[in-house]
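Text of coords_33.csv, listed as CSV, C-alpha atoms:
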```
chain,number,residue,atom,x,y,z
A,1,MET,CA,25.1,-39.8,5.2
A,2,LYS,CA,27.0,-38.8,8.4
A,3,LEU,CA,27.2,-35.1,7.5
A,4,LEU,CA,23.5,-34.3,8.0
A,5,PRO,CA,23.3,-35.0,11.7
A,6,SER,CA,26.4,-33.0,12.4
A,7,ILE,CA,25.1,-30.0,10.5
A,8,ILE,CA,21.8,-30.1,12.4
A,9,PHE,CA,23.6,-30.4,15.7
A,10,CYS,CA,25.8,-27.3,15.0
A,11,PHE,CA,22.8,-25.2,13.9
A,12,CYS,CA,20.9,-26.1,17.1
A,13,ALA,CA,23.8,-25.4,19.3
A,14,SER,CA,24.4,-22.0,17.7
A,15,SER,CA,20.7,-21.1,18.1
A,16,ALA,CA,20.7,-22.1,21.8
A,17,PHE,CA,23.5,-19.7,22.6
A,18,ALA,CA,22.4,-16.7,20.5
A,19,GLN,CA,18.8,-16.0,19.7
A,20,LEU,CA,16.4,-13.0,19.3
A,21,THR,CA,12.8,-13.8,20.2
A,22,TRP,CA,10.2,-11.4,18.7
A,23,GLU,CA,6.9,-10.6,20.3
A,24,GLN,CA,5.4,-10.4,16.8
A,25,THR,CA,6.9,-10.2,13.3
A,26,GLU,CA,3.8,-9.1,11.5
A,27,GLN,CA,1.5,-6.1,12.2
A,28,THR,CA,-1.6,-4.7,10.4
A,29,PHE,CA,-3.1,-1.2,10.7
A,30,ASP,CA,-6.2,0.5,9.4
A,31,ALA,CA,-5.7,4.2,8.5
A,32,THR,CA,-7.1,7.2,6.7
A,33,PRO,CA,-5.2,9.4,4.3
A,34,GLU,CA,-5.3,12.2,6.9
A,35,ASP,CA,-3.2,10.1,9.3
A,36,GLY,CA,-0.2,10.6,7.0
A,37,SER,CA,1.8,7.7,8.5
A,38,VAL,CA,1.8,4.8,10.9
A,39,VAL,CA,4.4,3.6,13.4
A,40,ALA,CA,4.8,-0.1,14.1
A,41,ARG,CA,7.0,-1.2,17.0
A,42,TYR,CA,8.6,-4.7,16.7
A,43,LYS,CA,9.8,-5.7,20.2
A,44,PHE,CA,12.4,-8.4,20.8
A,45,THR,CA,14.4,-10.1,23.6
A,46,ASN,CA,17.8,-11.8,23.5
A,47,THR,CA,16.8,-15.2,24.9
A,48,GLY,CA,20.2,-16.7,24.3
A,49,SER,CA,23.3,-16.8,26.5
A,50,LYS,CA,25.5,-14.6,24.3
A,51,PRO,CA,25.3,-10.9,23.2
A,52,ILE,CA,23.7,-10.4,19.8
A,53,LYS,CA,24.6,-7.6,17.4
A,54,ILE,CA,22.0,-6.3,15.0
A,55,GLN,CA,24.1,-5.9,11.9
A,56,SER,CA,21.6,-4.2,9.5
A,57,VAL,CA,17.9,-3.1,9.2
A,58,LEU,CA,16.8,-2.7,5.6
A,59,THR,CA,13.4,-1.5,4.5
A,60,SER,CA,11.6,-2.5,1.2
A,61,CYS,CA,11.1,1.2,0.1
A,62,GLY,CA,12.1,4.7,0.8
A,63,CYS,CA,8.8,5.6,2.3
A,64,THR,CA,9.5,3.2,5.2
A,65,THR,CA,12.1,4.0,7.8
A,66,ALA,CA,13.3,2.0,10.8
A,67,ALA,CA,14.9,3.2,14.0
A,68,LEU,CA,16.9,1.3,16.6
A,69,ALA,CA,18.2,2.6,19.9
A,70,LYS,CA,21.4,0.6,19.7
A,71,ASN,CA,22.9,-2.4,17.9
A,72,GLU,CA,24.1,-4.8,20.6
A,73,TYR,CA,21.9,-6.6,23.2
A,74,ALA,CA,23.1,-8.7,26.2
A,75,PRO,CA,21.5,-11.9,27.2
A,76,GLY,CA,18.0,-11.2,28.6
A,77,GLU,CA,18.0,-7.6,27.3
A,78,SER,CA,15.0,-6.3,25.3
A,79,GLY,CA,14.7,-3.7,22.5
A,80,GLU,CA,12.5,-2.6,19.7
A,81,ILE,CA,12.6,-1.5,16.1
A,82,ALA,CA,10.3,1.4,15.5
A,83,THR,CA,9.2,1.4,11.8
A,84,ARG,CA,7.4,4.4,10.3
A,85,TYR,CA,5.6,4.2,7.0
A,86,ALA,CA,4.6,7.5,5.4
A,87,PHE,CA,1.7,7.3,3.0
A,88,TYR,CA,2.7,10.0,0.4
A,89,GLY,CA,-0.8,9.9,-1.2
A,90,HIS,CA,-1.0,6.1,-1.4
A,91,THR,CA,-4.3,4.5,-0.7
A,92,GLY,CA,-5.6,0.9,-0.5
A,93,ARG,CA,-3.6,-2.0,1.0
A,94,GLN,CA,0.1,-1.4,1.4
A,95,ASP,CA,2.5,-4.2,2.2
A,96,LYS,CA,6.0,-3.4,3.5
A,97,ARG,CA,8.9,-5.5,4.7
A,98,ILE,CA,11.8,-4.9,7.0
A,99,MET,CA,14.8,-7.2,6.9
A,100,VAL,CA,16.8,-7.6,10.1
A,101,SER,CA,20.2,-9.3,10.0
A,102,THR,CA,21.9,-10.3,13.3
A,103,SER,CA,25.2,-11.9,14.4
A,104,ALA,CA,23.1,-14.9,15.6
A,105,ALA,CA,22.1,-15.8,12.0
A,106,PRO,CA,24.3,-14.1,9.4
A,107,GLY,CA,22.8,-14.4,6.0
A,108,GLN,CA,19.4,-15.4,7.3
A,109,PRO,CA,17.6,-12.1,8.1
A,110,THR,CA,14.4,-12.0,10.0
A,111,VAL,CA,11.6,-10.5,7.8
A,112,LEU,CA,9.2,-8.2,9.6
A,113,LYS,CA,6.0,-7.5,7.8
A,114,LEU,CA,3.8,-4.3,7.9
A,115,HIS,CA,0.4,-4.2,6.4
A,116,VAL,CA,-1.5,-0.9,6.2
A,117,ASN,CA,-5.1,-0.6,4.9
A,118,ILE,CA,-5.5,3.1,3.9
A,119,GLN,CA,-9.1,4.0,3.2
A,120,GLU,CA,-9.9,5.1,-0.3
A,121,ARG,CA,-11.3,8.6,-0.1
A,122,VAL,CA,-12.6,8.6,-3.7
A,123,SER,CA,-14.1,5.5,-5.3
A,124,VAL,CA,-14.9,5.0,-9.0
A,125,VAL,CA,-17.6,2.5,-10.0
A,126,PRO,CA,-17.4,1.0,-12.6
A,127,GLN,CA,-13.9,1.7,-13.7
A,128,LEU,CA,-14.7,0.5,-17.2
A,129,VAL,CA,-17.7,1.3,-19.4
A,130,LEU,CA,-18.1,-0.8,-22.6
A,131,TRP,CA,-20.1,-0.7,-25.8
A,132,ARG,CA,-20.2,-3.2,-28.6
A,133,VAL,CA,-19.7,-2.1,-32.2
A,134,GLY,CA,-23.2,-1.8,-33.8
A,135,GLU,CA,-25.2,-1.6,-30.6
A,136,GLN,CA,-27.7,1.2,-29.9
A,137,PRO,CA,-25.9,4.4,-28.9
A,138,GLY,CA,-26.4,6.0,-25.5
A,139,PRO,CA,-24.5,7.3,-22.5
A,140,LYS,CA,-23.3,5.2,-19.7
A,141,ALA,CA,-22.7,6.5,-16.1
A,142,ILE,CA,-19.6,6.2,-13.9
A,143,ARG,CA,-20.3,7.0,-10.2
A,144,ILE,CA,-17.7,8.8,-8.2
A,145,ALA,CA,-18.2,8.7,-4.4
A,146,VAL,CA,-16.3,10.3,-1.5
A,147,ALA,CA,-16.0,8.4,1.8
A,148,GLY,CA,-15.4,9.8,5.3
A,149,ASP,CA,-16.2,13.2,6.7
A,150,THR,CA,-13.8,15.2,4.5
A,151,ALA,CA,-15.5,16.9,1.6
A,152,VAL,CA,-13.6,16.3,-1.6
A,153,LYS,CA,-14.3,18.2,-4.8
A,154,ILE,CA,-14.1,16.5,-8.2
A,155,VAL,CA,-12.5,19.3,-10.1
A,156,SER,CA,-12.9,17.8,-13.6
A,157,VAL,CA,-13.3,14.6,-15.6
A,158,SER,CA,-11.7,14.6,-19.1
A,159,SER,CA,-11.3,12.1,-21.9
A,160,ASP,CA,-8.0,11.7,-23.8
A,161,ASN,CA,-10.0,10.7,-26.9
A,162,PRO,CA,-12.2,13.4,-28.5
A,163,ALA,CA,-14.4,10.6,-30.0
A,164,ILE,CA,-15.5,9.7,-26.5
A,165,LYS,CA,-17.2,12.6,-24.6
A,166,VAL,CA,-17.6,12.8,-20.9
A,167,LYS,CA,-19.8,15.2,-18.8
A,168,LEU,CA,-19.6,15.6,-15.0
A,169,LYS,CA,-22.6,16.1,-12.8
A,170,GLU,CA,-22.5,16.8,-9.0
A,171,VAL,CA,-25.2,14.7,-7.3
A,172,ILE,CA,-24.5,15.4,-3.6
A,173,PRO,CA,-22.1,18.4,-3.1
A,174,GLY,CA,-18.6,17.1,-2.0
A,175,LYS,CA,-19.9,13.5,-1.7
A,176,ALA,CA,-21.3,12.0,-4.9
A,177,TYR,CA,-20.7,12.7,-8.6
A,178,GLU,CA,-21.7,11.1,-11.9
A,179,ALA,CA,-19.8,11.1,-15.1
A,180,GLN,CA,-21.9,10.6,-18.2
A,181,VAL,CA,-19.7,9.0,-21.0
A,182,THR,CA,-20.9,9.0,-24.6
A,183,PRO,CA,-19.1,7.8,-27.7
A,184,GLU,CA,-19.7,9.9,-30.8
A,185,SER,CA,-20.1,6.7,-32.9
A,186,LEU,CA,-20.5,3.0,-32.4
A,187,THR,CA,-19.6,2.0,-35.9
A,188,GLN,CA,-15.9,1.3,-35.1
A,189,GLN,CA,-13.7,0.5,-32.2
A,190,ALA,CA,-12.5,3.2,-29.9
A,191,ALA,CA,-10.9,3.6,-26.5
A,192,ALA,CA,-10.4,6.4,-24.0
A,193,THR,CA,-8.8,7.0,-20.6
A,194,LEU,CA,-11.0,9.2,-18.3
A,195,ILE,CA,-8.9,11.4,-16.0
A,196,ILE,CA,-10.7,12.3,-12.8
A,197,ARG,CA,-9.0,15.3,-11.0
A,198,THR,CA,-9.7,16.1,-7.4
A,199,ASP,CA,-8.7,18.8,-4.9
A,200,TYR,CA,-7.6,16.3,-2.3
A,201,PRO,CA,-5.3,16.0,-0.5
A,202,PRO,CA,-4.4,19.7,-0.3
A,203,GLY,CA,-0.9,20.3,-1.8
A,204,ASN,CA,-0.9,17.0,-3.7
A,205,PRO,CA,-4.3,16.5,-5.3
A,206,GLN,CA,-5.1,13.0,-6.3
A,207,MET,CA,-6.1,11.8,-9.8
A,208,LYS,CA,-8.2,8.7,-10.4
A,209,TYR,CA,-8.8,6.9,-13.7
A,210,ALA,CA,-11.6,5.2,-15.5
A,211,TYR,CA,-11.8,3.7,-19.0
A,212,ALA,CA,-14.2,3.6,-21.9
A,213,ARG,CA,-14.1,1.1,-24.7
A,214,VAL,CA,-16.0,0.5,-28.0
A,215,LYS,CA,-15.1,-3.0,-29.2
```
Show the structure stored in the file as structure tokens.
Amino acid sequence: MKLLPSIIFCFCASSAFAQLTWEQTEQTFDATPEDGSVVARYKFTNTGSKPIKIQSVLTSCGCTTAALAKNEYAPGESGEIATRYAFYGHTGRQDKRIMVSTSAAPGQPTVLKLHVNIQERVSVVPQLVLWRVGEQPGPKAIRIAVAGDTAVKIVSVSSDNPAIKVKLKEVIPGKAYEAQVTPESLTQQAAATLIIRTDYPPGNPQMKYAYARVK
């Protein structure tokens, strides 16, 4: 029973002499695919009475990099970790983490969080069209819309199952399309993945997917 108070005392004493204080450990950005990347700057100050050495800065993926001007900071000295996340064609919400280990708390890294909401240039609604075996046959539509000012061409929509046909129609040039999906038969179960090919972004065209089912 006497061990617990002594452990707490030692921990508090250590923190009082060596501590990094962060302005913020979590940042959120809104971006478009054209931005290509975002840079988040995590600022800190050594608010303790001893120098602190940053021993390592590790990111959660290869598309996120972190830069630090130097590794050791005197009492009262400030610095920052500049973190760059490159999109590489990703869209939607992206969550990244940066783990910072210091001499003040070995084995207890500070976790910096980065959230990036990358606008979807191409949306597909609905992503699934469904028929029941035995129902009346007929086509169902999938709407493909392009957001923002950039015109995006839907190059093609194809089905990986010849028993489910798909036909693409341009409704508003570069902005709105419709894919008409039609099963050849509704007498038995069938499934298809619909592959939507675009010309965007240049050099690394994006593909979207929708699905058709007879069940």
List the spatial neighbours of A:Asp95 as a list in words - criterion: any atom at most 8 Å away, all atoms listed in the file, same-chain residues fewer than 6 positions off excluded. Lys113, Leu114, His115 and Val116 of chain A
Rounded to one decimal place, report the atom CA of A:Ala210-atom CA of A:Ile195 distance in Å.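 Spanning atom CA of A:Ala210 to atom CA of A:Ile195 is a straight-line distance of 6.8 Å.
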For stretch 159-169 of chain A: contacts at 12 Å, only C-alpha atoms, fewer than 3 positions along chain excluded, given as a PyMOL selection string: chain A and resi 129-131+137-144+153-156+172-197+209-214
Atom CA of A:Arg121 to atom CA of A:Ile98, distance in Å rounded to a single decimal: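 Answer for the atom CA of A:Arg121 to atom CA of A:Ile98 separation: 27.7 Å.
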Determine, for each residue of stretch 88-147 of chain A having at least one atom at most 10 Å from an atom of stretch 199-208 of chain A, the closest pair of atoms and their separation in Å to one decimal, counting only C-alpha atoms; order by chain and ascending number, as CSV.
```
residue,atom,partner,partner_atom,distance
A:Tyr88,CA,A:Asn204,CA,8.9
A:Gly89,CA,A:Gln206,CA,7.4
A:His90,CA,A:Gln206,CA,9.4
A:Arg121,CA,A:Tyr200,CA,8.8
A:Val122,CA,A:Lys208,CA,8.0
A:Ser123,CA,A:Lys208,CA,8.4
A:Val124,CA,A:Lys208,CA,7.8
A:Gln127,CA,A:Lys208,CA,9.6
A:Ile144,CA,A:Lys208,CA,9.8
```
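Near A:Gly148, within 9 Å and counting only C-alpha atoms, sit Thr32, Gln119, Arg121, Val146, Thr150 and Ala151 of chain A; same-chain residues fewer than 2 positions away were not included.
Checking A:Thr28, A:Thr64, A:Ser103, A:Ser37 one by one against A:Ile52, counting all atoms listed in the file, you find the shortest gap at A:Ser103.
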Using only C-alpha atoms, what residues lie at most 12 Å away from (32.0, -11.2, 21.8) (file coordinates), given as a JSON list (two decimals) with C-alpha atoms, keeping the file's coordinate frame?
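Saved file out10.json follows:
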```json
[["chain", "number", "residue", "atom", "x", "y", "z"],
["A", 18, "ALA", "CA", 22.40, -16.70, 20.50],
["A", 49, "SER", "CA", 23.30, -16.80, 26.50],
["A", 50, "LYS", "CA", 25.50, -14.60, 24.30],
["A", 51, "PRO", "CA", 25.30, -10.90, 23.20],
["A", 52, "ILE", "CA", 23.70, -10.40, 19.80],
["A", 53, "LYS", "CA", 24.60, -7.60, 17.40],
["A", 72, "GLU", "CA", 24.10, -4.80, 20.60],
["A", 73, "TYR", "CA", 21.90, -6.60, 23.20],
["A", 74, "ALA", "CA", 23.10, -8.70, 26.20],
["A", 75, "PRO", "CA", 21.50, -11.90, 27.20],
["A", 103, "SER", "CA", 25.20, -11.90, 14.40],
["A", 104, "ALA", "CA", 23.10, -14.90, 15.60]]
```
Would you list the contacts of A:Glu80 as number ranges by chain, taking every protein, DNA or RNA residue within 8 Å and counting only C-alpha atoms, but skipping same-chain residues closer than 3 positions in sequence? A: 41-44, 68-69
With distances taken over all atoms listed in the file, which of A:Glu23, A:Glu135, A:Glu170, A:Asp35 is nearest to A:Gly79?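 Closest residue, counting all atoms listed in the file: A:Glu23.
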Min atom-atom distance to A:Ala86 from the set A:Pro126, A:Gly62, A:Gly48, A:Gly134, counting only C-alpha atoms, belongs to A:Gly62
Considering all atoms listed in the file, can you say which of A:Ala105, A:Val111, A:Val57, A:Ile81 comes closest to A:Glu26?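 Of A:Ala105, A:Val111, A:Val57, A:Ile81, the one nearest A:Glu26 is A:Val111, counting all atoms listed in the file.
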Rounded to one decimal in Å, what is the spacing between atom CA of A:Thr45 and atom CA of A:Pro109?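 Computing the Euclidean distance for atom CA of A:Thr45 and atom CA of A:Pro109 yields 16.0 Å.
The residue that comes closest to A:Leu112, out of A:Lys96, A:Lys70, A:Lys215, A:Arg132 and on the basis of all atoms listed in the file, is A:Lys96.
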Closest of A:Val125, A:Thr198, A:Gly36, A:Cys61 to A:Ser158 - atom-to-atom distances counting all atoms listed in the file: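 Of A:Val125, A:Thr198, A:Gly36, A:Cys61, the one nearest A:Ser158 is A:Thr198, counting all atoms listed in the file.
Using all atoms listed in the file, the contacts of A:Val39 at a cut-off of 7 Å, with sequence neighbours closer than 6 positions omitted, comprise Ala82, Thr83, Arg84 and Tyr85 of chain A.
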Using all atoms listed in the file, collect all residues at a distance of at most 7 Å from (10.8, -14.3, 25.0) as written in the file, then present them as a ChimeraX atom specification. /A:21-22,45,47
